[in-house]
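Student: First, the structure itself, so that you have it in front of you.
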Amino acid sequence: MVFFNCRASVLVSVVEILQGFLQVYEGYNSFPEIFMPISTLLKEVSKENHVPKQLHDKINDAAKMIETKVDEYHLLRQPLQMRKKRLEPIKLLNPKFEDNYVKGRDYDPDRERSEMKKLKKRLKREEKGAASELRKDNKALAEAKLKAIAAEKEERAEKAGKTMAFLQEQQHAFNSGALGGRGKRRR
């Protein structure tokens, strides 16, 4: 008897959970496909003789709820229809051969696309030319800076040389006694 009550309580729990799922999934278009097999199982379980009356009523309520929702969805569904809009044919890429082909000439039948290609090509050429000019300018500026730095170093070296020459002259004059340095030479 305890085993039977345990089974009944499990079935009650399953039916209550199923009713919760019915409420959660009632908005989905796939509702009939999901719950119709469960409805058939519920009907088979309710046909059993040893099922308690309360459980029998709960199972029948769940099965009826599934059937009513499924009927509603079947009424709302519409069969697939052909589009009224005319479909475009698939473009086939058949090669075009030019009898008098000239390399570099654009044979594109679409004028806008052809013009865009020309403009892009011209823009690319201009970009390359501008980049080349910038490189030349940068190189010239760098050379001018190097020349200025070299000239400044040379000027500094020249000034340092003149200063050293003057100091050496002074030292020589001091050592020789012309400036009253170390005294007179003894003989």
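In the structure tokens, each chain is lettered A, B, ... as it comes, each chain's residues begin at 1, and ligands are numbered from 1 in order of appearance.
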List the spatial neighbours of Val51 (chain A) as a list of chain:residue names - criterion: any atom at most 12 Å away, only C-alpha atoms, same-chain residues fewer than 5 positions off excluded.
Tutor: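 Contacts, in chain order: A:Phe4, A:Asn5, A:Arg7, A:Ala8, A:Ser9, A:Leu11, A:Val12, A:Leu42, A:Glu44, A:Val45, A:Ser46, A:His56, A:Asp57, A:Lys58, A:Ile59, A:Asn60.
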Student: Please extract the residues of chain A with a backbone DSSP assignment of alpha helix (DSSP H) and present them as a count of residues only.
Tutor: 129
Student: Using only C-alpha atoms, which residues sit within 12 Å of Asp61 (chain A) once same-chain residues fewer than 5 positions away are excluded, as a ChimeraX atom specification?
Tutor: /A:15-16,18-19,22,39,42-43,46,54-56,66-68
Student: Write the residues you've just listed into a file as a short mmCIF file (atom, residue, chain, number, x, y, z; two decimals), in the first residue's frame, and include all heavy atoms for each of them.
Tutor:
```
data_model
loop_
_atom_site.label_atom_id
_atom_site.label_comp_id
_atom_site.auth_asym_id
_atom_site.auth_seq_id
_atom_site.Cartn_x
_atom_site.Cartn_y
_atom_site.Cartn_z
N VAL A 15 2.48 15.45 -12.93
CA VAL A 15 1.39 16.15 -13.60
C VAL A 15 1.43 17.65 -13.27
O VAL A 15 1.22 18.50 -14.14
CB VAL A 15 0.02 15.52 -13.22
CG1 VAL A 15 -1.12 16.37 -13.71
CG2 VAL A 15 -0.08 14.12 -13.80
N GLU A 16 1.75 17.99 -12.03
CA GLU A 16 1.83 19.41 -11.65
C GLU A 16 2.99 20.10 -12.39
O GLU A 16 2.85 21.24 -12.86
CB GLU A 16 2.00 19.54 -10.14
CG GLU A 16 0.72 19.22 -9.38
CD GLU A 16 0.92 19.23 -7.87
OE1 GLU A 16 2.08 19.42 -7.42
OE2 GLU A 16 -0.08 19.05 -7.17
N LEU A 18 4.18 19.16 -15.24
CA LEU A 18 3.75 19.21 -16.63
C LEU A 18 2.82 20.41 -16.87
O LEU A 18 2.94 21.10 -17.89
CB LEU A 18 3.05 17.91 -17.02
CG LEU A 18 2.52 17.83 -18.44
CD1 LEU A 18 3.67 17.89 -19.42
CD2 LEU A 18 1.71 16.56 -18.64
N GLN A 19 1.92 20.67 -15.92
CA GLN A 19 1.04 21.83 -16.06
C GLN A 19 1.84 23.14 -16.03
O GLN A 19 1.52 24.08 -16.76
CB GLN A 19 -0.03 21.83 -14.96
CG GLN A 19 -1.08 20.75 -15.17
CD GLN A 19 -2.06 20.63 -14.00
OE1 GLN A 19 -1.77 21.07 -12.90
NE2 GLN A 19 -3.20 20.00 -14.27
N LEU A 22 3.30 23.49 -19.41
CA LEU A 22 2.27 23.89 -20.36
C LEU A 22 2.09 25.40 -20.35
O LEU A 22 1.92 26.03 -21.41
CB LEU A 22 0.93 23.20 -20.04
CG LEU A 22 0.87 21.70 -20.27
CD1 LEU A 22 -0.45 21.13 -19.78
CD2 LEU A 22 1.05 21.38 -21.74
N SER A 39 0.32 13.95 -24.29
CA SER A 39 -1.13 13.82 -24.13
C SER A 39 -1.58 12.38 -24.33
O SER A 39 -2.42 11.87 -23.56
CB SER A 39 -1.84 14.73 -25.13
OG SER A 39 -3.22 14.54 -25.09
N LEU A 42 -0.67 10.44 -21.24
CA LEU A 42 -1.57 10.76 -20.13
C LEU A 42 -2.91 10.03 -20.27
O LEU A 42 -3.47 9.54 -19.28
CB LEU A 42 -1.80 12.27 -20.04
CG LEU A 42 -0.62 13.11 -19.55
CD1 LEU A 42 -0.96 14.58 -19.62
CD2 LEU A 42 -0.23 12.72 -18.13
N LYS A 43 -3.42 9.94 -21.49
CA LYS A 43 -4.69 9.22 -21.71
C LYS A 43 -4.55 7.74 -21.37
O LYS A 43 -5.45 7.15 -20.76
CB LYS A 43 -5.12 9.38 -23.17
CG LYS A 43 -5.67 10.75 -23.49
CD LYS A 43 -6.08 10.82 -24.95
CE LYS A 43 -6.50 12.21 -25.32
NZ LYS A 43 -6.82 12.33 -26.74
N SER A 46 -4.50 7.38 -17.62
CA SER A 46 -5.81 7.61 -16.98
C SER A 46 -6.76 6.44 -17.21
O SER A 46 -7.74 6.28 -16.47
CB SER A 46 -6.43 8.90 -17.50
OG SER A 46 -6.79 8.76 -18.85
N GLN A 54 -8.71 11.31 -7.63
CA GLN A 54 -8.15 12.66 -7.70
C GLN A 54 -7.02 12.74 -8.74
O GLN A 54 -6.94 13.70 -9.51
CB GLN A 54 -7.61 13.08 -6.34
CG GLN A 54 -8.70 13.29 -5.30
CD GLN A 54 -8.11 13.60 -3.92
OE1 GLN A 54 -6.92 13.36 -3.68
NE2 GLN A 54 -8.96 14.11 -3.04
N LEU A 55 -6.17 11.73 -8.76
CA LEU A 55 -5.10 11.69 -9.73
C LEU A 55 -5.67 11.54 -11.14
O LEU A 55 -5.21 12.17 -12.08
CB LEU A 55 -4.13 10.55 -9.42
CG LEU A 55 -2.94 10.37 -10.36
CD1 LEU A 55 -2.11 11.64 -10.38
CD2 LEU A 55 -2.10 9.20 -9.94
N HIS A 56 -6.74 10.71 -11.26
CA HIS A 56 -7.41 10.51 -12.54
C HIS A 56 -7.95 11.86 -13.06
O HIS A 56 -7.79 12.18 -14.26
CB HIS A 56 -8.54 9.49 -12.36
CG HIS A 56 -9.22 9.14 -13.62
ND1 HIS A 56 -8.65 8.36 -14.59
CD2 HIS A 56 -10.48 9.46 -14.08
CE1 HIS A 56 -9.50 8.22 -15.59
NE2 HIS A 56 -10.62 8.88 -15.29
N ILE A 66 -3.96 20.22 -22.91
CA ILE A 66 -3.05 20.04 -24.05
C ILE A 66 -3.85 19.98 -25.34
O ILE A 66 -3.51 20.63 -26.34
CB ILE A 66 -2.20 18.75 -23.87
CG1 ILE A 66 -1.19 18.94 -22.74
CG2 ILE A 66 -1.47 18.40 -25.16
CD1 ILE A 66 -0.44 17.68 -22.37
N GLU A 67 -4.97 19.22 -25.34
CA GLU A 67 -5.77 19.08 -26.56
C GLU A 67 -6.38 20.41 -27.00
O GLU A 67 -6.39 20.73 -28.20
CB GLU A 67 -6.87 18.04 -26.34
CG GLU A 67 -6.34 16.62 -26.28
CD GLU A 67 -7.43 15.59 -25.98
OE1 GLU A 67 -8.60 15.99 -25.86
OE2 GLU A 67 -7.08 14.42 -25.87
N THR A 68 -6.87 21.20 -26.06
CA THR A 68 -7.47 22.49 -26.45
C THR A 68 -6.40 23.43 -27.03
O THR A 68 -6.65 24.09 -28.05
CB THR A 68 -8.16 23.17 -25.25
OG1 THR A 68 -7.23 23.31 -24.18
CG2 THR A 68 -9.36 22.38 -24.79
#
```
Student: Given only C-alpha atoms as the basis, pick out the residue of A:Lys96, A:Ala150, A:Pro32, A:Lys69 nearest to Pro109 (chain A).
Tutor: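 Among A:Lys96, A:Ala150, A:Pro32, A:Lys69, it is A:Lys96 that comes nearest to Pro109 (chain A).
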Student: Which residue is closest to Gly104 (chain A)? Choose from A:Lys121, A:Lys91, A:Leu80, A:Arg135 and count only C-alpha atoms.
Tutor: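 Result for the nearest residue to Gly104 (chain A): A:Lys121.
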Student: What does the distance between CA of Phe21 (chain A) and CA of Lys64 (chain A) come to in Å, to one decimal place?
Tutor: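 That distance, rounded to one decimal, is 14.7 Å.
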Student: Would you list the contacts of Glu98 (chain A) as a PyMOL selection string, taking every protein, DNA or RNA residue within 12 Å and counting only C-alpha atoms, but skipping same-chain residues closer than 4 positions in sequence?
Tutor: chain A and resi 102-103+105-108
